[in-house]
file input_20.tsv (TSV, C-alpha atoms)
chain	number	residue	atom	x	y	z
M	1	MET	CA	9.46	9.54	23.11
M	2	TYR	CA	7.79	6.12	23.34
M	3	ARG	CA	9.38	2.90	22.17
M	4	LEU	CA	6.76	0.95	20.18
M	5	ASP	CA	5.82	-2.70	20.46
M	6	ASN	CA	4.09	-3.50	17.17
M	7	THR	CA	1.68	-6.17	15.96
M	8	VAL	CA	2.54	-8.37	12.97
M	9	ARG	CA	-0.50	-9.39	10.92
M	10	PRO	CA	-0.37	-13.02	9.64
M	11	TYR	CA	-2.23	-12.59	6.34
M	12	ALA	CA	-1.97	-15.59	4.03
M	13	TRP	CA	0.03	-13.72	1.36
M	14	GLY	CA	2.79	-12.75	3.79
M	15	SER	CA	6.36	-13.99	3.66
M	16	PRO	CA	7.22	-16.40	6.50
M	17	THR	CA	10.82	-15.15	6.65
M	18	ALA	CA	11.23	-11.50	5.56
M	19	ILE	CA	9.97	-9.70	8.68
M	20	PRO	CA	11.65	-12.17	11.08
M	21	HIS	CA	14.91	-11.69	9.15
M	22	LEU	CA	14.58	-7.90	9.49
M	23	LEU	CA	13.91	-8.21	13.23
M	24	GLY	CA	16.70	-10.74	13.72
M	25	VAL	CA	14.38	-13.42	15.15
M	26	GLU	CA	13.60	-16.99	14.18
M	27	PRO	CA	10.62	-17.50	11.83
M	28	ASN	CA	7.68	-19.30	13.39
M	29	GLY	CA	6.62	-21.00	10.17
M	30	GLU	CA	3.54	-18.79	9.73
M	31	PRO	CA	3.13	-16.04	7.11
M	32	GLN	CA	4.04	-12.62	8.51
M	33	ALA	CA	2.61	-9.99	6.19
M	34	GLU	CA	2.46	-6.56	7.82
M	35	MET	CA	3.90	-4.96	10.94
M	36	TRP	CA	1.71	-2.00	11.91
M	37	MET	CA	3.12	1.12	13.56
M	38	GLY	CA	0.63	3.73	14.66
M	39	ALA	CA	-2.73	4.19	16.34
M	40	HIS	CA	-5.08	2.32	14.01
M	41	PRO	CA	-7.87	0.78	16.15
M	42	GLY	CA	-7.35	-2.59	14.43
M	43	ALA	CA	-3.84	-3.07	15.88
M	44	PRO	CA	-2.49	-0.01	17.71
M	45	SER	CA	1.16	-0.03	18.73
M	46	ARG	CA	1.81	-0.58	22.41
M	47	THR	CA	3.89	1.69	24.68
M	48	ASP	CA	4.83	1.58	28.35
M	49	ARG	CA	1.80	3.86	28.95
M	50	GLY	CA	-0.75	1.70	27.13
M	51	THR	CA	-1.60	1.56	23.46
M	52	LEU	CA	-0.58	4.49	21.31
M	53	LEU	CA	-4.28	4.96	20.54
M	54	ASP	CA	-5.03	5.38	24.25
M	55	VAL	CA	-2.07	7.72	24.75
M	56	ILE	CA	-3.19	9.99	21.92
M	57	GLU	CA	-6.86	9.96	22.93
M	58	ALA	CA	-5.90	11.00	26.47
M	59	ASP	CA	-4.29	14.25	25.26
M	60	PRO	CA	-4.38	14.73	21.46
M	61	ARG	CA	-2.86	18.21	21.40
M	62	ALA	CA	0.09	17.21	23.57
M	63	GLU	CA	0.88	14.15	21.44
M	64	LEU	CA	-0.04	15.40	17.95
M	65	GLY	CA	0.43	19.17	18.24
M	66	THR	CA	-2.14	21.90	17.71
M	67	ALA	CA	-1.52	22.22	13.97
M	68	ALA	CA	-2.09	18.51	13.28
M	69	VAL	CA	-5.21	18.34	15.45
M	70	THR	CA	-6.64	21.45	13.77
M	71	ARG	CA	-5.93	20.05	10.31
M	72	PHE	CA	-6.75	16.35	10.73
M	73	GLY	CA	-8.64	15.98	14.00
M	74	PRO	CA	-7.62	14.30	17.29
M	75	ARG	CA	-6.13	11.17	15.71
M	76	LEU	CA	-2.88	10.13	14.08
M	77	PRO	CA	-3.70	10.60	10.37
M	78	PHE	CA	-1.30	7.97	9.01
M	79	LEU	CA	-0.41	4.32	9.46
M	80	LEU	CA	3.18	3.12	8.94
M	81	LYS	CA	3.90	-0.51	8.05
M	82	VAL	CA	6.63	-2.93	7.15
M	83	LEU	CA	5.05	-5.04	4.40
M	84	ALA	CA	6.40	-8.44	3.34
M	85	ALA	CA	4.72	-9.94	0.28
M	86	GLY	CA	5.45	-13.62	-0.25
M	87	ALA	CA	2.52	-13.99	-2.67
M	88	PRO	CA	0.43	-11.52	-4.69
M	89	LEU	CA	-1.97	-9.28	-2.81
M	90	SER	CA	-5.44	-8.59	-4.18
M	91	LEU	CA	-5.77	-6.35	-7.22
M	92	GLN	CA	-7.38	-3.22	-5.78
M	93	VAL	CA	-8.15	0.50	-5.88
M	94	HIS	CA	-8.93	3.10	-3.23
M	95	PRO	CA	-11.51	5.92	-3.40
M	96	ASP	CA	-10.77	9.63	-3.21
M	97	LEU	CA	-11.97	11.59	-0.18
M	98	ALA	CA	-15.31	12.67	-1.67
M	99	GLN	CA	-16.06	9.13	-2.90
M	100	ALA	CA	-15.16	7.64	0.49
M	101	ARG	CA	-17.42	10.05	2.37
M	102	ALA	CA	-20.33	9.49	0.01
M	103	GLY	CA	-19.90	5.70	-0.02
M	104	TYR	CA	-19.60	5.49	3.76
M	105	GLU	CA	-22.67	7.67	4.32
M	106	ASP	CA	-24.67	5.60	1.81
M	107	GLU	CA	-23.80	2.26	3.45
M	108	GLU	CA	-24.46	3.70	6.91
M	109	ARG	CA	-27.85	4.97	5.74
M	110	ARG	CA	-28.69	1.55	4.28
M	111	GLY	CA	-27.68	-0.16	7.50
M	112	VAL	CA	-24.89	-2.31	6.02
M	113	PRO	CA	-22.93	-3.68	9.02
M	114	VAL	CA	-19.38	-2.31	9.06
M	115	ASP	CA	-18.01	-5.86	9.34
M	116	ALA	CA	-20.22	-7.30	6.56
M	117	PRO	CA	-18.20	-9.13	3.87
M	118	HIS	CA	-19.91	-7.10	1.13
M	119	ARG	CA	-19.31	-3.72	2.78
M	120	ASN	CA	-17.06	-1.47	0.64
M	121	TYR	CA	-16.48	1.54	2.90
M	122	LYS	CA	-15.24	0.90	6.43
M	123	ASP	CA	-14.71	4.62	7.12
M	124	ALA	CA	-15.14	8.03	5.51
M	125	ASN	CA	-11.49	8.60	4.61
M	126	HIS	CA	-9.37	8.17	1.50
M	127	LYS	CA	-6.36	5.86	1.40
M	128	PRO	CA	-3.46	7.20	-0.65
M	129	GLU	CA	-0.33	5.19	0.04
M	130	LEU	CA	3.39	5.00	-0.67
M	131	ILE	CA	5.68	1.96	-0.72
M	132	CYS	CA	9.48	2.21	-0.45
M	133	ALA	CA	11.41	-0.95	-1.29
M	134	LEU	CA	13.83	-2.45	1.23
M	135	THR	CA	14.56	-5.36	-1.13
M	136	GLU	CA	13.73	-5.81	-4.81
M	137	PHE	CA	9.99	-5.28	-4.86
M	138	ASP	CA	7.61	-6.37	-7.64
M	139	GLY	CA	4.17	-4.91	-8.20
M	140	LEU	CA	1.49	-3.85	-10.63
M	141	CYS	CA	0.57	-0.18	-10.89
M	142	GLY	CA	-1.79	1.69	-13.22
M	143	PHE	CA	-2.91	0.81	-16.73
M	144	ARG	CA	-0.36	0.22	-19.45
M	145	ALA	CA	-1.04	1.67	-22.90
M	146	PRO	CA	-3.93	-0.33	-24.46
M	147	THR	CA	-1.86	-1.31	-27.50
M	148	ARG	CA	0.86	-2.73	-25.24
M	149	ALA	CA	-1.76	-4.67	-23.28
M	150	ALA	CA	-3.17	-5.98	-26.57
M	151	ASP	CA	0.29	-7.12	-27.66
M	152	LEU	CA	0.76	-8.95	-24.35
M	153	LEU	CA	-2.59	-10.74	-24.71
M	154	ASP	CA	-2.05	-11.59	-28.38
M	155	GLY	CA	1.37	-13.02	-27.59
M	156	LEU	CA	-0.26	-15.77	-25.53
M	157	GLY	CA	-1.99	-17.31	-28.55
M	158	VAL	CA	-5.22	-17.92	-26.56
M	159	ASP	CA	-8.24	-17.57	-28.86
M	160	SER	CA	-10.63	-16.40	-26.12
M	161	LEU	CA	-8.36	-13.40	-25.42
M	162	LYS	CA	-8.47	-12.12	-29.01
M	163	PRO	CA	-11.73	-10.12	-28.57
M	164	TYR	CA	-10.14	-8.24	-25.66
M	165	ALA	CA	-7.03	-7.46	-27.71
M	166	ASP	CA	-9.17	-6.29	-30.64
M	167	LEU	CA	-11.16	-3.96	-28.36
M	168	LEU	CA	-7.98	-2.51	-26.88
M	169	ARG	CA	-6.80	-1.54	-30.37
M	170	ALA	CA	-10.16	-0.35	-31.73
M	171	ARG	CA	-11.39	2.12	-29.12
M	172	PRO	CA	-9.98	5.30	-27.51
M	173	ALA	CA	-7.69	4.41	-24.62
M	174	GLU	CA	-9.90	5.06	-21.59
M	175	ALA	CA	-13.03	3.64	-23.21
M	176	ALA	CA	-11.12	0.54	-24.33
M	177	LEU	CA	-9.69	-0.13	-20.87
M	178	ARG	CA	-13.10	0.35	-19.22
M	179	GLU	CA	-14.84	-1.96	-21.69
M	180	VAL	CA	-12.24	-4.70	-21.46
M	181	LEU	CA	-11.99	-4.66	-17.65
M	182	THR	CA	-15.79	-4.79	-17.45
M	183	ALA	CA	-15.87	-7.74	-19.85
M	184	ILE	CA	-13.22	-9.63	-17.87
M	185	LEU	CA	-14.96	-9.15	-14.52
M	186	THR	CA	-18.44	-10.02	-15.82
M	187	ALA	CA	-17.52	-12.99	-18.05
M	188	ASP	CA	-19.06	-16.41	-17.53
M	189	PRO	CA	-17.10	-17.91	-14.61
M	190	ASP	CA	-16.55	-21.30	-16.24
M	191	GLU	CA	-15.39	-19.76	-19.51
M	192	MET	CA	-13.08	-17.37	-17.66
M	193	THR	CA	-11.58	-20.25	-15.67
M	194	ARG	CA	-10.71	-22.01	-18.94
M	195	THR	CA	-9.25	-18.80	-20.36
M	196	VAL	CA	-7.12	-18.16	-17.28
M	197	THR	CA	-5.88	-21.76	-17.27
M	198	ALA	CA	-4.82	-21.54	-20.91
M	199	ALA	CA	-3.26	-18.09	-20.42
M	200	ALA	CA	-1.33	-19.26	-17.36
M	201	ALA	CA	0.12	-22.22	-19.25
M	202	ALA	CA	1.19	-19.91	-22.08
M	203	CYS	CA	2.76	-17.43	-19.65
M	204	ASP	CA	4.71	-20.24	-18.01
M	205	ARG	CA	5.91	-21.50	-21.38
M	206	LEU	CA	6.85	-18.10	-22.83
M	207	GLY	CA	8.46	-16.44	-19.80
M	208	GLY	CA	9.92	-12.98	-20.38
M	209	ASP	CA	7.28	-10.24	-20.05
M	210	HIS	CA	4.68	-12.94	-19.43
M	211	ALA	CA	6.52	-14.55	-16.50
M	212	PRO	CA	4.99	-12.43	-13.68
M	213	TYR	CA	1.49	-13.52	-14.68
M	214	ALA	CA	2.42	-17.20	-14.50
M	215	GLY	CA	3.37	-16.60	-10.87
M	216	ILE	CA	0.14	-14.72	-10.19
M	217	ALA	CA	-1.91	-17.54	-11.74
M	218	HIS	CA	-0.06	-20.11	-9.63
M	219	HIS	CA	-1.38	-18.41	-6.49
M	220	HIS	CA	-4.83	-17.59	-7.93
M	221	PRO	CA	-5.77	-20.33	-10.42
M	222	GLY	CA	-8.80	-19.49	-12.54
M	223	ASP	CA	-9.17	-15.98	-11.08
M	224	PRO	CA	-10.26	-13.32	-13.65
M	225	GLY	CA	-7.85	-10.97	-11.89
M	226	VAL	CA	-5.02	-12.83	-13.67
M	227	ILE	CA	-6.25	-11.44	-17.01
M	228	ALA	CA	-7.09	-8.05	-15.50
M	229	ALA	CA	-3.51	-7.88	-14.19
M	230	MET	CA	-2.21	-8.02	-17.77
M	231	LEU	CA	-3.81	-4.62	-18.39
M	232	LEU	CA	-1.49	-3.08	-15.79
M	233	ASN	CA	2.14	-2.00	-15.72
M	234	HIS	CA	4.52	-4.46	-14.12
M	235	ILE	CA	7.17	-2.64	-12.09
M	236	ARG	CA	10.24	-3.75	-10.13
M	237	LEU	CA	11.52	-1.33	-7.51
M	238	GLN	CA	15.14	-1.47	-6.37
M	239	PRO	CA	15.98	-0.88	-2.69
M	240	GLY	CA	15.42	2.78	-1.83
M	241	GLU	CA	13.00	3.40	-4.72
M	242	ALA	CA	9.38	4.23	-3.96
M	243	LEU	CA	5.97	4.38	-5.60
M	244	PHE	CA	3.03	6.62	-4.72
M	245	LEU	CA	-0.47	5.22	-5.30
M	246	GLY	CA	-3.26	7.77	-5.52
M	247	ALA	CA	-7.03	7.36	-5.65
M	248	GLY	CA	-8.49	5.20	-8.41
M	249	VAL	CA	-5.17	3.67	-9.49
M	250	PRO	CA	-5.43	-0.13	-9.76
M	251	HIS	CA	-2.48	-1.88	-8.18
M	252	ALA	CA	-1.22	-5.03	-6.50
M	253	TYR	CA	1.98	-5.90	-4.67
M	254	LEU	CA	3.51	-9.19	-5.82
M	255	SER	CA	6.68	-9.85	-3.83
M	256	GLY	CA	9.31	-8.15	-1.70
M	257	LEU	CA	9.87	-6.25	1.55
M	258	GLY	CA	9.09	-2.57	1.90
M	259	VAL	CA	8.14	0.32	4.16
M	260	GLU	CA	4.57	1.40	3.47
M	261	ILE	CA	2.74	4.48	4.68
M	262	MET	CA	-0.88	5.42	4.09
M	263	ALA	CA	-3.69	7.63	5.26
M	264	ASN	CA	-5.44	6.03	8.23
M	265	SER	CA	-8.20	4.23	6.32
M	266	ASP	CA	-9.33	0.71	5.43
M	267	ASN	CA	-11.31	1.45	2.25
M	268	VAL	CA	-10.52	-1.06	-0.51
M	269	LEU	CA	-12.38	-1.90	-3.74
M	270	ARG	CA	-11.10	-5.20	-5.12
M	271	CYS	CA	-10.72	-6.18	-8.78
M	272	GLY	CA	-9.56	-9.78	-8.35
M	273	LEU	CA	-6.83	-12.09	-7.04
M	274	THR	CA	-8.93	-12.60	-3.93
M	275	PRO	CA	-11.76	-14.75	-2.58
M	276	LYS	CA	-13.25	-11.59	-1.04
M	277	HIS	CA	-16.21	-9.60	-2.34
M	278	VAL	CA	-15.79	-7.83	-5.70
M	279	ASP	CA	-18.41	-5.11	-6.27
M	280	VAL	CA	-18.01	-4.63	-10.02
M	281	PRO	CA	-20.36	-1.59	-10.49
M	282	GLU	CA	-18.80	0.31	-7.57
M	283	LEU	CA	-15.30	-0.67	-8.65
M	284	LEU	CA	-15.88	0.64	-12.17
M	285	ARG	CA	-17.14	3.91	-10.68
M	286	ILE	CA	-13.93	4.37	-8.68
M	287	VAL	CA	-11.25	3.17	-11.12
M	288	ARG	CA	-9.42	5.81	-13.17
M	289	PHE	CA	-8.92	4.42	-16.65
M	290	GLU	CA	-5.88	6.54	-17.44
M	291	PRO	CA	-2.94	4.71	-19.03
M	292	GLY	CA	0.62	5.78	-18.33
M	293	ASP	CA	3.97	4.69	-16.96
M	294	PRO	CA	4.34	4.63	-13.15
M	295	ARG	CA	6.53	7.37	-11.67
M	296	VAL	CA	9.29	5.87	-9.55
M	297	LEU	CA	10.45	8.14	-6.72
M	298	ARG	CA	14.21	8.36	-6.23
M	299	PRO	CA	14.88	11.08	-3.64
M	300	GLU	CA	18.17	12.87	-3.17
M	301	ALA	CA	19.55	13.86	0.21
M	302	GLY	CA	19.08	17.48	1.28
M	303	PRO	CA	21.62	19.58	3.22
M	304	ASP	CA	20.94	17.72	6.48
M	305	GLY	CA	20.88	14.29	4.81
M	306	GLU	CA	17.09	13.88	4.72
M	307	GLU	CA	15.78	12.05	1.65
M	308	ILE	CA	12.11	13.00	1.15
M	309	PHE	CA	9.64	10.96	-0.88
M	310	GLU	CA	7.48	13.75	-2.28
M	311	THR	CA	3.72	13.10	-2.50
M	312	PRO	CA	0.74	15.35	-3.30
M	313	ILE	CA	-1.10	14.75	-0.02
M	314	ASP	CA	-0.59	15.98	3.55
M	315	GLU	CA	-1.79	13.12	5.80
M	316	PHE	CA	1.70	11.64	5.66
M	317	ARG	CA	5.25	12.55	4.77
M	318	LEU	CA	7.91	9.84	4.54
M	319	SER	CA	11.64	10.44	4.49
M	320	ARG	CA	14.84	8.54	5.17
M	321	TYR	CA	18.20	9.26	6.79
M	322	VAL	CA	21.26	7.13	6.11
M	323	LEU	CA	23.42	7.92	9.14
M	324	PRO	CA	27.16	7.23	8.95
M	325	ALA	CA	29.23	6.42	12.01
M	326	GLY	CA	31.11	9.13	13.85
M	327	THR	CA	28.95	12.11	12.84
M	328	ALA	CA	27.12	14.54	15.09
M	329	PRO	CA	23.52	13.66	15.97
M	330	HIS	CA	20.82	14.92	13.59
M	331	ASP	CA	18.12	17.06	15.21
M	332	LEU	CA	14.76	15.76	13.94
M	333	THR	CA	12.56	17.83	16.27
M	334	LEU	CA	9.25	18.84	14.66
M	335	ALA	CA	5.99	20.50	15.70
M	336	THR	CA	4.16	17.45	14.31
M	337	PRO	CA	4.07	13.81	15.54
M	338	GLN	CA	6.66	11.38	14.22
M	339	ILE	CA	7.35	7.67	14.05
M	340	LEU	CA	11.00	6.72	13.58
M	341	LEU	CA	11.73	3.25	12.17
M	342	CYS	CA	15.19	1.70	11.94
M	343	THR	CA	15.77	-0.56	8.92
M	344	ALA	CA	19.56	-1.10	9.07
M	345	GLY	CA	22.38	-0.80	11.60
M	346	THR	CA	21.70	0.64	15.05
M	347	VAL	CA	20.14	4.08	15.39
M	348	ARG	CA	20.26	6.00	18.64
M	349	ALA	CA	16.97	7.93	18.98
M	350	GLY	CA	16.79	9.92	22.19
M	351	ASP	CA	17.31	7.35	24.95
M	352	HIS	CA	16.45	4.41	22.71
M	353	ASP	CA	18.72	2.18	20.64
M	354	LEU	CA	16.74	1.05	17.61
M	355	THR	CA	17.80	-2.02	15.65
M	356	PRO	CA	16.20	-3.11	12.35
M	357	GLY	CA	12.41	-3.34	12.52
M	358	HIS	CA	12.12	-1.37	15.77
M	359	SER	CA	10.50	2.02	16.11
M	360	THR	CA	9.61	4.88	18.41
M	361	PHE	CA	6.86	7.53	18.53
M	362	VAL	CA	7.94	11.13	19.04
M	363	PRO	CA	5.22	13.50	20.29
M	364	ALA	CA	4.92	16.87	18.60
M	365	GLY	CA	7.56	19.33	19.75
M	366	GLU	CA	9.61	16.78	21.70
M	367	LYS	CA	13.37	16.87	21.24
M	368	ALA	CA	14.41	14.18	18.78
M	369	GLU	CA	18.07	13.56	17.99
M	370	VAL	CA	19.28	10.53	16.03
M	371	SER	CA	22.71	9.15	15.27
M	372	GLY	CA	24.08	6.07	13.53
M	373	PRO	CA	25.51	4.10	12.02
M	374	GLY	CA	22.23	3.01	10.53
M	375	THR	CA	19.19	3.88	8.43
M	376	VAL	CA	16.04	5.43	9.87
M	377	PHE	CA	12.74	6.25	8.18
M	378	ARG	CA	10.76	9.21	9.50
M	379	ALA	CA	6.95	9.33	9.15
M	380	THR	CA	5.10	12.54	9.97
M	381	VAL	CA	2.41	14.85	8.54
M	382	VAL	CA	2.28	18.17	6.72
M	383	ALA	CA	0.21	20.53	8.88

call {"tool": "encode", "arguments": {"input": "input_20.tsv", "output": "structure tokens"}}
result
Amino acid sequence: MYRLDNTVRPYAWGSPTAIPHLLGVEPNGEPQAEMWMGAHPGAPSRTDRGTLLDVIEADPRAELGTAAVTRFGPRLPFLLKVLAAGAPLSLQVHPDLAQARAGYEDEERRGVPVDAPHRNYKDANHKPELICALTEFDGLCGFRAPTRAADLLDGLGVDSLKPYADLLRARPAEAALREVLTAILTADPDEMTRTVTAAAAACDRLGGDHAPYAGIAHHHPGDPGVIAAMLLNHIRLQPGEALFLGAGVPHAYLSGLGVEIMANSDNVLRCGLTPKHVDVPELLRIVRFEPGDPRVLRPEAGPDGEEIFETPIDEFRLSRYVLPAGTAPHDLTLATPQILLCTAGTVRAGDHDLTPGHSTFVPAGEKAEVSGPGTVFRATVVA
């Protein structure tokens, strides 16, 4: 079992206080957006034997187990994060596995440098993800019903939004959403800036259901993503609630602290709320224009106290134990690799005492007992 020393990424949208508060350290005044736990080459966790990436590459079967290596290859197939949003992230979607492989092969064949700003596919993997709230957590997820989106736009009283609202009511749902998103992202930039400015002022004045978009516009003035965001469901997770985000589902995190887990990929197609490259044709090919309400995951504890956040993919499995004081240790031994992350109290994991924000990697098959009082998240795979 290896105690992990993890990198915090200082992206501009990060909260300057949430991750330091979790870790019990003083803020340094800089945004602290994501703490990465795993073996991603971009920021692998460090152990007393070197980086976790190096440890796994030295003996994949010993660290990951035969079943995981056979199923996913000689690499840790997930990345675990603590994510702290102090400002809205970009509006984005992720490809499915077939789309990622095809897109990656195409850009490789065309010689697009992997670090080029206009490159869409950094690898050949998909990127399903799950976020579990540690505090109240606001986000956007999936398309709302077109008529509800039309009502939201009409309520602003901005004349230039009326054609979008009319389209949303006149066409079948998926066709309407596709046509309106396309129109928003391809509109004349100067005209769209004026529309966003007027819409933002109306959102600020009206409040209520419009209030989240006033905040988004404050951080991204004039960005067409502000209008695109109004096509999506606004959701507020309470602590312990989670949201699974599959391929093609447009989403953005707005504010809050959470535990995030994803397949080990960096493939992102952006829709807006970002200065980065937006490839509209490729985006429209990947987005799933299916309206519906987001499904909030609220797990219940099983016989041994494990609360599992069920997802339809196997590259990761996230669960949580709330460990009371004075109870016998829980045996968490598995034939697959694990990362254990403490988020409250003090959790004894093997020979390590984990306090909030601290974590440990458990190789496949290694004895893993935990006791509280505290809360620990367990990340592993289904193999």

call {"tool": "closest_residue", "arguments": {"input": "input_20.tsv", "among": "M:Val381, M:Leu323, M:Leu181, M:Leu134", "to": "Leu76 of chain M", "atoms": "only C-alpha atoms"}}
result
M:Val381

call {"tool": "residues_around", "arguments": {"input": "input_20.tsv", "residues": "Arg317 of chain M", "least_positions_apart": "3", "cutoff": "7 Å", "atoms": "all atoms listed in the file", "output": "JSON, numbers by chain"}}
result
{"M": [314, 379, 380, 381, 382]}

call {"tool": "closest_residue", "arguments": {"input": "input_20.tsv", "among": "M:Arg378, M:Asn267, M:Gly65, M:Gln338", "to": "Val114 of chain M", "atoms": "all atoms listed in the file"}}
result
M:Asn267

call {"tool": "residues_near_point", "arguments": {"input": "input_20.tsv", "point": "(-18.4, -11.7, -15.8)", "cutoff": "12 Å", "atoms": "all atoms listed in the file", "output": "PyMOL selection string"}}
result
chain M and resi 179-193+223-225+228+271-272+278-281

call {"tool": "residues_around", "arguments": {"input": "input_20.tsv", "residues": "Ala229 of chain M", "least_positions_apart": "3", "cutoff": "8 Å", "atoms": "all atoms listed in the file", "output": "PDB file with C-alpha atoms, in the frame of the given file"}}
result
ATOM      1  CA  LEU M  91      -5.770  -6.350  -7.220  1.00  0.00           C
ATOM      2  CA  LEU M 140       1.490  -3.850 -10.630  1.00  0.00           C
ATOM      3  CA  TYR M 213       1.490 -13.520 -14.680  1.00  0.00           C
ATOM      4  CA  GLY M 225      -7.850 -10.970 -11.890  1.00  0.00           C
ATOM      5  CA  VAL M 226      -5.020 -12.830 -13.670  1.00  0.00           C
ATOM      6  CA  LEU M 232      -1.490  -3.080 -15.790  1.00  0.00           C
TER       7      LEU M 232
END

call {"tool": "closest_residue", "arguments": {"input": "input_20.tsv", "among": "M:Glu241, M:Glu290, M:Glu129, M:Asp106", "to": "Phe316 of chain M", "atoms": "all atoms listed in the file"}}
result
M:Glu129

call {"tool": "atom_distance", "arguments": {"input": "input_20.tsv", "atom1": "atom CA of Ala58 of chain M", "atom2": "atom CA of Leu4 of chain M"}}
result
17.3 Å

call {"tool": "residues_around", "arguments": {"input": "input_20.tsv", "residues": "Pro74 of chain M", "least_positions_apart": "5", "cutoff": "12 Å", "atoms": "only C-alpha atoms", "output": "JSON, numbers by chain"}}
result
{"M": [39, 53, 54, 55, 56, 57, 58, 59, 60, 61, 62, 63, 64, 65, 66, 67, 68, 69, 337]}

call {"tool": "write_last_selection", "arguments": {"input": "input_20.tsv", "atoms": "C-alpha atoms", "output": "PDB file, keeping the file's coordinate frame"}}
result
ATOM      1  CA  ALA M  39      -2.730   4.190  16.340  1.00  0.00           C
ATOM      2  CA  LEU M  53      -4.280   4.960  20.540  1.00  0.00           C
ATOM      3  CA  ASP M  54      -5.030   5.380  24.250  1.00  0.00           C
ATOM      4  CA  VAL M  55      -2.070   7.720  24.750  1.00  0.00           C
ATOM      5  CA  ILE M  56      -3.190   9.990  21.920  1.00  0.00           C
ATOM      6  CA  GLU M  57      -6.860   9.960  22.930  1.00  0.00           C
ATOM      7  CA  ALA M  58      -5.900  11.000  26.470  1.00  0.00           C
ATOM      8  CA  ASP M  59      -4.290  14.250  25.260  1.00  0.00           C
ATOM      9  CA  PRO M  60      -4.380  14.730  21.460  1.00  0.00           C
ATOM     10  CA  ARG M  61      -2.860  18.210  21.400  1.00  0.00           C
ATOM     11  CA  ALA M  62       0.090  17.210  23.570  1.00  0.00           C
ATOM     12  CA  GLU M  63       0.880  14.150  21.440  1.00  0.00           C
ATOM     13  CA  LEU M  64      -0.040  15.400  17.950  1.00  0.00           C
ATOM     14  CA  GLY M  65       0.430  19.170  18.240  1.00  0.00           C
ATOM     15  CA  THR M  66      -2.140  21.900  17.710  1.00  0.00           C
ATOM     16  CA  ALA M  67      -1.520  22.220  13.970  1.00  0.00           C
ATOM     17  CA  ALA M  68      -2.090  18.510  13.280  1.00  0.00           C
ATOM     18  CA  VAL M  69      -5.210  18.340  15.450  1.00  0.00           C
ATOM     19  CA  PRO M 337       4.070  13.810  15.540  1.00  0.00           C
TER      20      PRO M 337
END

call {"tool": "closest_residue", "arguments": {"input": "input_20.tsv", "among": "M:Ala116, M:Ala12, M:Val376, M:Ile227", "to": "Tyr164 of chain M", "atoms": "only C-alpha atoms"}}
result
M:Ile227

call {"tool": "atom_distance", "arguments": {"input": "input_20.tsv", "atom1": "atom CA of Pro299 of chain M", "atom2": "atom CA of His251 of chain M"}}
result
22.1 Å

call {"tool": "atom_distance", "arguments": {"input": "input_20.tsv", "atom1": "atom CA of Glu26 of chain M", "atom2": "atom CA of Arg46 of chain M"}}
result
21.8 Å

call {"tool": "residues_near_point", "arguments": {"input": "input_20.tsv", "point": "(4.3, 10.0, 19.6)", "cutoff": "7 Å", "atoms": "all atoms listed in the file", "output": "PyMOL selection string"}}
result
chain M and resi 1-2+63+337-339+361-364

call {"tool": "closest_residue", "arguments": {"input": "input_20.tsv", "among": "M:Ala344, M:Gly215, M:His352, M:Leu269", "to": "Ala202 of chain M", "atoms": "all atoms listed in the file"}}
result
M:Gly215

call {"tool": "closest_residue", "arguments": {"input": "input_20.tsv", "among": "M:Pro44, M:Gly24, M:Glu315, M:Gly302", "to": "Gly345 of chain M", "atoms": "only C-alpha atoms"}}
result
M:Gly24

call {"tool": "residues_around", "arguments": {"input": "input_20.tsv", "residues": "Ala149 of chain M", "least_positions_apart": "5", "cutoff": "12 Å", "atoms": "all atoms listed in the file", "output": "PyMOL selection string"}}
result
chain M and resi 142-144+154-156+161-162+164-169+173+176-177+180-181+209-210+227-234+291-292

call {"tool": "closest_atom_pairs", "arguments": {"input": "input_20.tsv", "of": "segment 74-170 of chain M", "to": "segment 307-310 of chain M", "cutoff": "10 Å", "atoms": "all atoms listed in the file", "output": "tab-separated table"}}
result
residue	atom	partner	partner_atom	distance
M:Leu130	CA	M:Phe309	CA	8.6
M:Ile131	CA	M:Phe309	CA	9.8
M:Cys132	CA	M:Phe309	CA	8.8

call {"tool": "residues_around", "arguments": {"input": "input_20.tsv", "residues": "Ala328 of chain M", "least_positions_apart": "3", "cutoff": "10 Å", "atoms": "all atoms listed in the file", "output": "NGL selection string"}}
result
:M and (323-325 or 331 or 369-372)
